[in-house]
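What follows is the content of input_38.txt (compact mmCIF, C-alpha atoms).
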```txt
# COMPACT_ATOMS: atom_id res chain seq x y z
CA MET B 1 39.14 58.62 35.81
CA ALA B 2 38.38 57.11 39.23
CA LEU B 3 38.48 59.48 42.20
CA ILE B 4 41.64 59.44 44.30
CA ASN B 5 41.14 58.04 47.79
CA LYS B 6 43.12 58.38 51.00
CA ASN B 7 44.44 54.82 50.94
CA GLN B 8 45.99 55.16 47.51
CA LYS B 9 49.75 55.44 47.21
CA LEU B 10 50.85 58.94 46.33
CA SER B 11 53.26 57.52 43.73
CA ASP B 12 50.35 55.80 41.94
CA VAL B 13 48.41 59.06 41.96
CA ILE B 14 51.34 60.80 40.28
CA LEU B 15 51.84 58.01 37.75
CA GLU B 16 48.16 58.23 36.81
CA ASP B 17 48.37 61.98 36.09
CA PRO B 18 51.88 63.47 36.35
CA SER B 19 50.57 67.04 36.05
CA ILE B 20 49.31 66.64 39.63
CA ILE B 21 52.93 67.08 40.85
CA THR B 22 52.46 70.85 40.52
CA VAL B 23 49.42 70.68 42.85
CA LEU B 24 51.29 68.54 45.38
CA ASN B 25 54.04 71.17 45.45
CA ARG B 26 51.46 73.72 46.64
CA PHE B 27 50.96 71.50 49.71
CA ASN B 28 54.73 71.22 50.24
CA ILE B 29 54.87 67.68 48.90
CA PHE B 30 57.72 67.16 46.45
CA LEU B 31 59.09 64.32 44.33
CA GLY B 32 60.57 61.38 46.18
CA VAL B 33 57.24 60.48 47.81
CA GLY B 34 58.31 56.90 48.64
CA ASP B 35 55.46 54.47 49.21
CA LYS B 36 53.38 56.74 51.42
CA THR B 37 49.62 56.73 51.03
CA VAL B 38 47.68 59.96 50.61
CA GLU B 39 46.58 59.78 54.23
CA GLN B 40 50.11 59.20 55.53
CA ALA B 41 51.42 62.15 53.51
CA CYS B 42 48.66 64.33 54.93
CA ASN B 43 49.40 63.28 58.50
CA GLU B 44 53.09 63.89 57.97
CA GLY B 45 52.52 67.35 56.50
CA LYS B 46 49.72 68.20 58.94
CA LEU B 47 47.32 68.68 56.05
CA ASN B 48 43.55 68.49 56.11
CA SER B 49 43.20 65.21 54.19
CA GLU B 50 39.58 65.84 53.20
CA PHE B 51 40.43 69.22 51.67
CA PHE B 52 43.59 67.80 50.08
CA LEU B 53 41.66 64.97 48.41
CA ILE B 54 38.96 67.30 47.10
CA ILE B 55 41.58 69.60 45.59
CA LEU B 56 43.40 66.70 43.92
CA ASN B 57 40.17 65.24 42.55
CA THR B 58 38.95 68.65 41.39
CA PHE B 59 42.21 69.10 39.53
CA THR B 60 42.23 65.72 37.83
CA ASN B 61 38.51 65.44 37.05
CA GLU B 62 36.80 68.25 35.21
CA GLU B 63 33.39 66.78 36.01
CA TYR B 64 34.08 66.62 39.74
CA PHE B 65 33.34 69.75 41.68
CA PRO B 66 31.73 69.27 45.14
CA GLU B 67 30.63 72.86 45.61
CA LYS B 68 28.79 72.35 48.91
CA LEU B 69 31.64 70.43 50.51
CA LEU B 70 34.20 73.03 49.47
CA LYS B 71 32.12 75.91 50.82
CA ASN B 72 32.09 74.24 54.23
CA PHE B 73 35.86 74.39 54.62
CA ASP B 74 37.54 77.11 56.63
CA VAL B 75 37.98 80.15 54.37
CA LYS B 76 41.63 80.36 55.47
CA LEU B 77 42.24 76.92 53.98
CA ILE B 78 40.70 77.91 50.65
CA ILE B 79 42.57 81.21 50.47
CA GLY B 80 45.81 79.50 51.48
CA TYR B 81 45.48 77.12 48.57
CA LEU B 82 44.54 79.87 46.08
CA ASN B 83 47.46 81.93 47.32
CA ASN B 84 49.88 79.04 46.83
CA THR B 85 48.47 78.51 43.35
CA ASN B 86 48.99 82.17 42.45
CA ASN B 87 52.56 81.93 43.75
CA TYR B 88 53.09 78.88 41.58
CA TYR B 89 51.96 80.88 38.52
CA LYS B 90 54.15 83.82 39.48
CA GLN B 91 57.29 81.95 40.46
CA PHE B 92 57.28 78.93 38.19
CA ILE B 93 54.90 78.62 35.31
CA ILE B 94 54.99 82.20 33.95
CA PRO B 95 58.82 82.50 34.14
CA ASN B 96 59.04 79.01 32.60
CA ILE B 97 56.94 80.01 29.59
CA GLU B 98 58.81 83.28 29.25
CA SER B 99 62.29 81.75 29.34
CA HIS B 100 61.31 79.08 26.80
CA PHE B 101 59.76 81.76 24.61
CA ASN B 102 62.95 83.84 24.73
CA LEU B 103 65.04 80.82 23.83
CA LEU B 104 62.65 79.91 21.04
CA LEU B 105 63.05 83.38 19.53
CA LYS B 106 66.81 83.22 19.89
CA ARG B 107 67.04 79.88 18.12
CA SER B 108 64.55 80.60 15.33
CA GLU B 109 65.09 82.28 12.00
CA ASP B 110 65.48 86.05 12.24
CA ASP B 111 62.74 86.69 9.72
CA ASN B 112 60.09 84.73 11.63
CA THR B 113 58.27 87.78 12.97
CA ASN B 114 55.27 85.64 13.92
CA LEU B 115 57.04 84.31 16.98
CA GLU B 116 57.87 87.81 18.18
CA LEU B 117 54.21 88.80 17.77
CA LEU B 118 53.15 85.74 19.75
CA ARG B 119 55.66 86.54 22.47
CA LYS B 120 54.29 90.08 22.76
CA PHE B 121 50.80 88.66 23.00
CA PHE B 122 51.97 86.34 25.76
CA LEU B 123 53.52 89.30 27.61
CA GLU B 124 50.14 91.04 27.48
CA VAL B 125 48.46 87.95 28.96
CA LYS B 126 51.20 87.71 31.58
CA SER B 127 50.72 91.31 32.63
CA GLU B 128 46.94 90.86 32.98
CA LEU B 129 47.38 87.67 34.96
CA LEU B 130 49.92 89.25 37.31
CA ASN B 131 47.56 92.20 37.84
CA ARG B 132 44.77 89.83 38.74
CA ILE B 133 47.01 87.97 41.14
CA ALA B 134 48.07 91.24 42.78
CA SER B 135 44.45 92.29 43.09
CA ASP B 136 43.54 88.91 44.63
CA THR B 137 46.37 89.11 47.13
CA ASN B 138 45.90 92.73 48.11
CA THR B 139 42.16 93.01 47.96
CA LEU B 140 40.05 89.89 47.57
CA PHE B 141 41.97 87.52 49.88
CA LYS B 142 42.82 90.18 52.42
CA GLU B 143 39.30 91.48 52.68
CA THR B 144 37.66 88.04 52.77
CA LEU B 145 39.93 87.02 55.65
CA LEU B 146 39.09 90.25 57.45
CA LEU B 147 35.36 89.76 56.94
CA ASP B 148 35.63 86.17 58.14
CA LYS B 149 37.60 87.15 61.21
CA ASN B 150 35.15 89.89 62.11
CA LYS B 151 31.95 87.97 61.57
CA GLY B 152 29.42 89.76 63.76
CA ASN B 153 31.56 92.89 64.11
CA ARG B 154 30.82 95.93 61.97
CA LEU B 155 33.76 96.87 59.69
CA SER B 156 34.29 100.36 58.34
CA ASP B 157 33.79 101.07 54.61
CA ASP B 158 37.55 101.67 54.34
CA ASP B 159 38.14 98.03 55.18
CA ILE B 160 35.84 96.81 52.43
CA GLN B 161 36.78 98.02 48.98
CA ILE B 162 36.47 94.85 47.05
CA THR B 163 36.12 95.19 43.33
CA ASN B 164 34.38 92.62 41.20
CA GLY B 165 37.17 90.06 40.93
CA GLU B 166 35.41 88.16 38.14
CA THR B 167 35.73 90.86 35.50
CA THR B 168 38.99 89.95 33.78
CA ASP B 169 38.97 86.17 34.12
CA ASP B 170 37.23 85.46 30.86
CA ALA B 171 39.46 87.88 29.02
CA ILE B 172 42.59 86.19 30.36
CA GLU B 173 41.28 82.71 29.62
CA ASP B 174 40.10 83.76 26.16
CA LYS B 175 43.52 85.19 25.40
CA ILE B 176 45.29 82.02 26.56
CA ASP B 177 42.93 79.99 24.35
CA ASP B 178 43.75 82.33 21.46
CA LEU B 179 47.47 81.95 22.08
CA VAL B 180 47.20 78.15 22.05
CA ASN B 181 45.14 78.25 18.84
CA MET B 182 47.61 80.56 17.17
CA PHE B 183 50.39 78.07 17.80
CA ILE B 184 48.33 75.08 16.75
CA ILE B 185 46.42 76.52 13.79
CA HIS B 186 48.19 79.60 12.48
CA LEU B 187 51.93 79.34 13.12
CA THR B 188 54.06 79.70 9.99
CA GLY B 189 57.76 80.07 9.20
CA LYS B 190 60.78 78.21 10.48
CA TYR B 191 61.30 77.65 14.19
CA ASP B 192 62.96 75.30 16.69
CA THR B 193 60.42 72.49 16.93
CA ASN B 194 61.39 71.23 20.39
CA LEU B 195 61.32 74.66 21.98
CA CYS B 196 58.08 75.52 20.25
CA VAL B 197 56.44 72.38 21.65
CA ALA B 198 57.89 73.19 25.10
CA VAL B 199 56.33 76.67 25.00
CA LEU B 200 53.01 75.29 23.80
CA PHE B 201 52.91 72.57 26.49
CA ALA B 202 53.70 75.12 29.20
CA ILE B 203 50.90 77.42 27.98
CA ILE B 204 48.44 74.52 27.81
CA SER B 205 49.43 73.53 31.33
CA LEU B 206 48.78 77.09 32.55
CA LYS B 207 45.44 77.10 30.73
CA LYS B 208 44.31 73.88 32.43
CA ASP B 209 45.53 74.99 35.85
CA LEU B 210 43.91 78.40 35.57
CA CYS B 211 40.62 76.88 34.51
CA GLN B 212 40.56 74.54 37.55
CA ASN B 213 41.73 77.31 39.85
CA ASN B 214 39.05 79.72 38.61
CA ARG B 215 36.38 77.21 39.55
CA ILE B 216 37.50 77.41 43.17
CA ARG B 217 38.06 81.17 43.06
CA ASN B 218 34.82 82.10 41.30
CA ARG B 219 32.40 79.44 42.50
CA ILE B 220 33.63 78.97 46.06
CA LEU B 221 35.58 81.98 47.29
CA MET B 222 33.58 84.72 45.55
CA PRO B 223 30.19 83.51 46.89
CA ILE B 224 31.73 83.17 50.38
CA HIS B 225 33.04 86.69 50.05
CA HIS B 226 29.69 88.05 48.86
CA TYR B 227 27.92 86.24 51.67
CA LEU B 228 30.27 87.62 54.34
CA LYS B 229 29.93 91.06 52.85
CA SER B 230 26.13 90.88 52.83
CA GLN B 231 26.26 89.80 56.47
CA GLN B 232 28.26 92.94 57.22
CA ALA B 233 25.67 95.06 55.46
CA ASN B 234 22.89 93.46 57.51
CA ASP B 235 24.65 93.95 60.85
CA MET I 1 34.30 96.31 -8.95
CA THR I 2 36.89 95.03 -6.45
CA ASP I 3 37.11 96.23 -2.84
CA HIS I 4 40.82 97.07 -3.19
CA ILE I 5 42.21 100.56 -2.79
CA ALA I 6 45.58 101.26 -4.37
CA LEU I 7 48.35 103.77 -3.89
CA ILE I 8 50.60 104.62 -6.81
CA ILE I 9 53.98 106.09 -5.85
CA VAL I 10 55.68 107.05 -9.09
CA ARG I 11 57.89 110.02 -9.95
CA ASP I 12 56.73 110.08 -13.56
CA THR I 13 53.27 111.77 -13.59
CA LEU I 14 52.16 110.34 -16.94
CA ARG I 15 53.06 106.81 -15.86
CA ALA I 16 51.14 107.32 -12.60
CA LEU I 17 48.07 108.62 -14.46
CA GLY I 18 48.26 105.71 -16.90
CA MET I 19 48.39 103.18 -14.06
CA LYS I 20 45.52 104.91 -12.24
CA HIS I 21 43.40 104.85 -15.39
CA LEU I 22 44.18 101.17 -16.04
CA LEU I 23 43.25 100.18 -12.48
CA SER I 24 40.07 102.20 -12.55
CA SER I 25 38.80 101.31 -16.02
CA LEU I 26 39.70 97.62 -16.15
CA PHE I 27 39.64 96.58 -12.49
CA GLY I 28 37.27 99.11 -10.92
CA MET I 29 39.89 100.10 -8.35
CA ASP I 30 40.22 103.50 -6.74
CA ALA I 31 43.80 104.72 -6.62
CA SER I 32 45.63 107.66 -5.08
CA ILE I 33 48.83 109.07 -6.51
CA ALA I 34 52.02 110.25 -4.82
CA GLN I 35 55.29 111.24 -6.45
CA ASP I 36 57.56 110.70 -3.50
CA ALA I 37 57.51 108.00 -0.77
CA THR I 38 59.40 110.18 1.73
CA PRO I 39 56.39 111.85 3.43
CA ILE I 40 54.51 108.54 3.37
CA ALA I 41 57.39 106.73 5.07
CA SER I 42 57.06 108.88 8.16
CA SER I 43 53.33 108.18 8.62
CA ASN I 44 51.02 105.18 8.58
CA GLU I 45 49.53 106.39 5.30
CA CYS I 46 50.50 103.18 3.45
CA ASP I 47 48.45 101.01 5.77
CA ARG I 48 45.21 102.46 4.41
CA PHE I 49 45.88 100.83 1.06
CA ASP I 50 45.53 97.22 -0.06
CA MET I 51 48.05 97.53 -2.89
CA ILE I 52 51.01 99.82 -3.43
CA PHE I 53 52.37 100.30 -6.94
CA VAL I 54 55.80 101.86 -6.67
CA ASP I 55 58.54 102.72 -9.15
CA GLU I 56 62.05 101.32 -8.75
CA TYR I 57 63.55 104.59 -7.51
CA ASN I 58 61.05 105.09 -4.69
CA CYS I 59 61.16 101.42 -3.73
CA LEU I 60 64.95 101.27 -3.51
CA SER I 61 65.09 104.59 -1.65
CA HIS I 62 62.62 103.38 0.99
CA LEU I 63 63.22 99.66 1.40
CA ASP I 64 62.49 99.98 5.13
CA LEU I 65 58.98 101.08 4.18
CA PHE I 66 58.33 98.45 1.50
CA ILE I 67 60.01 95.30 2.83
CA PRO I 68 57.53 94.93 5.72
CA ARG I 69 54.73 95.55 3.18
CA LYS I 70 56.17 93.27 0.54
CA SER I 71 52.98 91.23 0.21
CA LYS I 72 51.06 94.23 -1.07
CA THR I 73 53.84 96.04 -2.93
CA ILE I 74 54.09 95.83 -6.72
CA ILE I 75 57.19 97.29 -8.36
CA LEU I 76 56.63 99.12 -11.63
CA ALA I 77 59.87 98.09 -13.31
CA ASN I 78 61.48 99.22 -16.53
CA THR I 79 62.44 95.67 -17.45
CA ASP I 80 61.42 92.13 -16.58
CA ALA I 81 64.67 91.85 -14.69
CA ASP I 82 65.54 88.89 -12.47
CA LYS I 83 66.48 91.22 -9.65
CA TYR I 84 62.76 91.60 -8.77
CA ILE I 85 62.13 87.87 -8.81
CA SER I 86 61.11 87.78 -5.14
CA TRP I 87 58.84 90.83 -5.50
CA GLN I 88 55.58 91.20 -7.36
CA HIS I 89 56.41 93.37 -10.35
CA ILE I 90 55.09 94.64 -13.65
CA ASN I 91 57.27 95.41 -16.62
CA CYS I 92 56.08 98.88 -17.71
CA ASN I 93 57.67 98.50 -21.13
CA ALA I 94 55.70 95.37 -21.98
CA ASP I 95 52.70 95.57 -24.33
CA ILE I 96 49.29 96.53 -22.92
CA ASP I 97 47.90 92.96 -22.94
CA HIS I 98 50.87 91.72 -20.97
CA ILE I 99 50.53 94.53 -18.39
CA VAL I 100 46.79 93.88 -17.95
CA GLU I 101 47.44 90.15 -17.55
CA SER I 102 50.13 90.86 -14.96
CA VAL I 103 47.84 93.12 -12.89
CA ALA I 104 44.99 90.59 -13.11
CA ALA I 105 47.33 87.77 -12.01
CA ILE I 106 48.64 89.80 -9.04
CA LEU I 107 45.09 90.68 -7.94
CA LYS I 108 44.00 87.06 -8.22
CA ASP I 109 47.03 85.92 -6.20
CA MET I 110 46.35 88.47 -3.48
CA GLU I 111 42.72 87.44 -3.14
CA HIS I 112 43.66 83.78 -3.21
CA ASN I 113 46.37 84.25 -0.58
CA ASN I 114 44.03 86.14 1.70
CA SER I 115 41.25 83.60 1.56
CA ALA I 116 43.57 80.58 1.49
CA GLN I 117 45.40 81.73 4.58
CA THR I 118 42.33 82.63 6.54
CA GLY I 119 39.30 81.02 5.01
CA LEU I 120 37.73 84.43 5.53
CA SER I 121 35.60 86.22 2.95
CA ALA I 122 36.72 89.61 1.61
CA ARG I 123 34.10 91.32 3.82
CA GLU I 124 35.25 89.41 6.89
CA ILE I 125 38.81 90.54 6.16
CA ASP I 126 37.53 94.15 5.97
CA VAL I 127 35.86 93.73 9.37
CA LEU I 128 38.91 92.00 10.86
CA LYS I 129 41.13 94.85 9.66
CA LEU I 130 38.96 97.42 11.45
CA VAL I 131 38.59 95.29 14.60
CA ALA I 132 42.37 94.97 14.73
CA GLN I 133 42.71 98.73 14.38
CA GLY I 134 40.66 99.07 17.57
CA LEU I 135 37.38 100.37 16.11
CA THR I 136 34.14 99.72 17.97
CA ASN I 137 31.31 97.74 16.35
CA LYS I 138 29.43 101.00 15.72
CA GLU I 139 32.46 102.59 14.07
CA ILE I 140 33.01 99.50 11.92
CA ALA I 141 29.35 99.54 10.88
CA ASP I 142 29.58 103.24 9.91
CA ASN I 143 32.86 102.70 8.11
CA LEU I 144 31.57 99.83 5.99
CA ASN I 145 27.99 101.10 5.65
CA ILE I 146 26.51 98.01 7.24
CA SER I 147 24.42 97.48 10.39
CA VAL I 148 25.90 96.75 13.81
CA ASN I 149 24.13 93.37 13.73
CA THR I 150 25.92 92.51 10.50
CA VAL I 151 29.24 93.49 12.10
CA LEU I 152 28.45 91.23 15.06
CA SER I 153 27.60 88.39 12.72
CA HIS I 154 30.89 88.86 10.80
CA ARG I 155 32.83 88.94 14.07
CA LYS I 156 31.18 85.73 15.22
CA ASN I 157 32.12 84.03 11.94
CA ILE I 158 35.69 85.34 12.09
CA SER I 159 36.18 83.99 15.62
CA ALA I 160 34.66 80.64 14.68
CA LYS I 161 36.84 80.29 11.58
CA LEU I 162 40.09 81.38 13.21
CA GLY I 163 39.58 80.00 16.72
CA ILE I 164 40.46 83.45 18.08
CA LYS I 165 38.06 85.35 20.34
CA SER I 166 39.88 88.30 21.89
CA VAL I 167 40.50 91.61 20.12
CA SER I 168 44.23 91.40 20.99
CA GLY I 169 44.36 87.91 19.52
CA LEU I 170 42.64 89.06 16.33
CA CYS I 171 45.04 91.97 16.11
CA VAL I 172 48.07 89.63 16.42
CA TYR I 173 46.55 87.31 13.82
CA ALA I 174 45.99 90.22 11.42
CA MET I 175 49.61 91.31 11.84
CA MET I 176 50.91 87.75 11.40
CA ASN I 177 49.07 87.53 8.10
CA GLY I 178 49.89 90.97 6.74
CA ILE I 179 46.25 92.12 6.99
CA ILE I 180 47.48 95.07 9.04
CA ASN I 181 51.01 96.23 9.69
```

As a first step, turn the structure in this file into structure tokens.
Amino acid sequence: MALINKNQKLSDVILEDPSIITVLNRFNIFLGVGDKTVEQACNEGKLNSEFFLIILNTFTNEEYFPEKLLKNFDVKLIIGYLNNTNNYYKQFIIPNIESHFNLLLKRSEDDNTNLELLRKFFLEVKSELLNRIASDTNTLFKETLLLDKNKGNRLSDDDIQITNGETTDDAIEDKIDDLVNMFIIHLTGKYDTNLCVAVLFAIISLKKDLCQNNRIRNRILMPIHHYLKSQQAND
Amino acid sequence: MTDHIALIIVRDTLRALGMKHLLSSLFGMDASIAQDATPIASSNECDRFDMIFVDEYNCLSHLDLFIPRKSKTIILANTDADKYISWQHINCNADIDHIVESVAAILKDMEHNNSAQTGLSAREIDVLKLVAQGLTNKEIADNLNISVNTVLSHRKNISAKLGIKSVSGLCVYAMMNGIIN
């Protein structure tokens, strides 16, 4: 897929890959984009167009990941985006999967215990993901912003309590992969086909989003955080 | 010798001993005997066993125990009655050849179902069962008298065959397929 450029119409970008709508929402751009170009939309929303384009291209192209360019952006910009993404998971995608799951169980045969087991497994994944989001918000993001703001000033140990934020990512991603495979490979019994597909699509969408988001979190923000922290230690 | 372990829950002691002898001498299976399902119903005792042979009285008195374990329950019936059509059952009043054939057919079905559903070998199913119960690799190795490396190799194969990597996922899979309850 060709990279998105600033002169392209936003509507064409969406038509090319509709899943990008969820990313646009994180920049306060919603449906009804008219015939604005990417650049015009950025000017209108006072967005950093370079950052915006990199995020869109990172999301739509798995092979594209300009690590050096991303690390040069203001850390507030990166954290702002990650924060919006976490809010999107919390407020939209997780409740969406859950409500579809509940409806699926309601409309499926009573003796299909497999669906209930899958729902419980999803709830476990949900809980781990929400814990990670809470830890990002309360610890990783907060502390990175503090370190960035106080570059050159010595912070007390109480201010820096960051844990290793990378520890549970693989587990969460592995579990989401497992959940998808259980639907695709191992599901048995009678169920509402449409709702089942809706649940599966929503989980796959979360899986893709999380994977792209983790690239920015783990390969951009974490190294920036470690760097800032090491600078503190050297001061 | 098969890897199965059976539980026989029968009020009639002679019938229980006869069944235990048949399983042991013709199918190489170890079996434990209980007369009453009541104390078993209140524990997870049943889950240790691959097959449960139960008489009609105990089965009907504890349907809540046996319905979730239907895939491994075999009713020892007094007739070949239609009422057990959806359950695996053996007519205890049939001649010896017929009873042996019935047990052999049930065992074959169980093994076929397990491997057809999962594509896993009997040993991999043993490992999966213990993984799903939360045992560590070392504990699984000790339990099955194999090395930790062999356990790791089985686990790798299980994940590759099922497309499931996490312990929670394997546990859910095992429950979905009646490997554990």

Please build the interface table for chain I against chain B with a cut-off of 7 Å, listing for each qualifying residue the nearest atom pair and the distance in Å to one decimal; count only C-alpha atoms, order rows by chain and increasing number, and write it as a tab-separated table.
```
residue	atom	partner	partner_atom	distance
I:Gly163	CA	B:Asn181	CA	6.2
I:Ile164	CA	B:Asp178	CA	4.8
I:Lys165	CA	B:Asp174	CA	6.4
I:Ser166	CA	B:Lys175	CA	5.9
I:Gly169	CA	B:Asp178	CA	5.9
I:Val172	CA	B:Leu117	CA	6.3
I:Met176	CA	B:Asn114	CA	5.5
```

Revision key, fill the gap. note - CA of Cys171 in chain I and CA of Ala132 in chain I are separated by 4.2 Å

Exercise for review: Within 12 Å of Thr193 in chain B, counting all atoms listed in the file, which residues show up once you throw out same-chain ones fewer than 5 positions away? Write them as a VMD selection string, please.
Suggested key: chain B and resid 100 103 to 105 107 to 109 183 187 to 188 198 to 200

Exercise for review: Find the residues around range 81-90 of chain B up to 10 Å (all atoms listed in the file counted), leave out those fewer than 6 positions away in its own chain, and share them as a PyMOL selection string.
Suggested key: chain B and resi 22-23+25-28+51-52+55+75+96+126+129-130+132-134+136-137+141+206+209-210+213-214+216-217+221

Point to revise | Residues within 10 Å of range 99-102 of chain I, only C-alpha atoms, excluding chain neighbours under 5 positions, as a VMD selection string | key: chain I and resid 19 22 to 23 26 to 27 88 to 94 107 to 108

Check your understanding: So what do you get for CA of Asp142 in chain I versus CA of Leu170 in chain I, distance-wise?
Key ->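 Taking CA of Asp142 in chain I as the start and CA of Leu170 in chain I as the end point, the length is 20.3 Å.
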
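Among the candidates I:Ile52, I:Leu144, I:Ile96, I:Ala174, the residue lying nearest to Leu120 in chain I is I:Ala174 (atoms considered: all atoms listed in the file).
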
Exercise for review: Could you please determine the separation between CA of His154 in chain I and CA of Val127 in chain I in Å, to one decimal place?
Suggested key: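 Atom-to-atom, CA of His154 in chain I to CA of Val127 in chain I, that is 7.1 Å.
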
**Study point:** Exercise: residues within 10 Å of coordinate (39.1, 78.6, 54.6), counting only C-alpha atoms, as JSON, numbers by chain
**Key:** {"B": [51, 70, 71, 72, 73, 74, 75, 76, 77, 78, 79, 80, 81, 144, 145, 148, 221, 224]}

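Residue nearest Asn157 in chain I, chosen from I:Ala41, I:Met29, I:Ile74, I:Leu128 and counting all atoms listed in the file: I:Leu128.
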
Check your understanding: Pick from I:Asn143, I:Asp55, I:Ser168, I:Trp87: nearest to Thr13 in chain I, with all atoms listed in the file counted?
Key ->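 Checking each of I:Asn143, I:Asp55, I:Ser168, I:Trp87 against Thr13 in chain I, counting all atoms listed in the file, the winner is I:Asp55.
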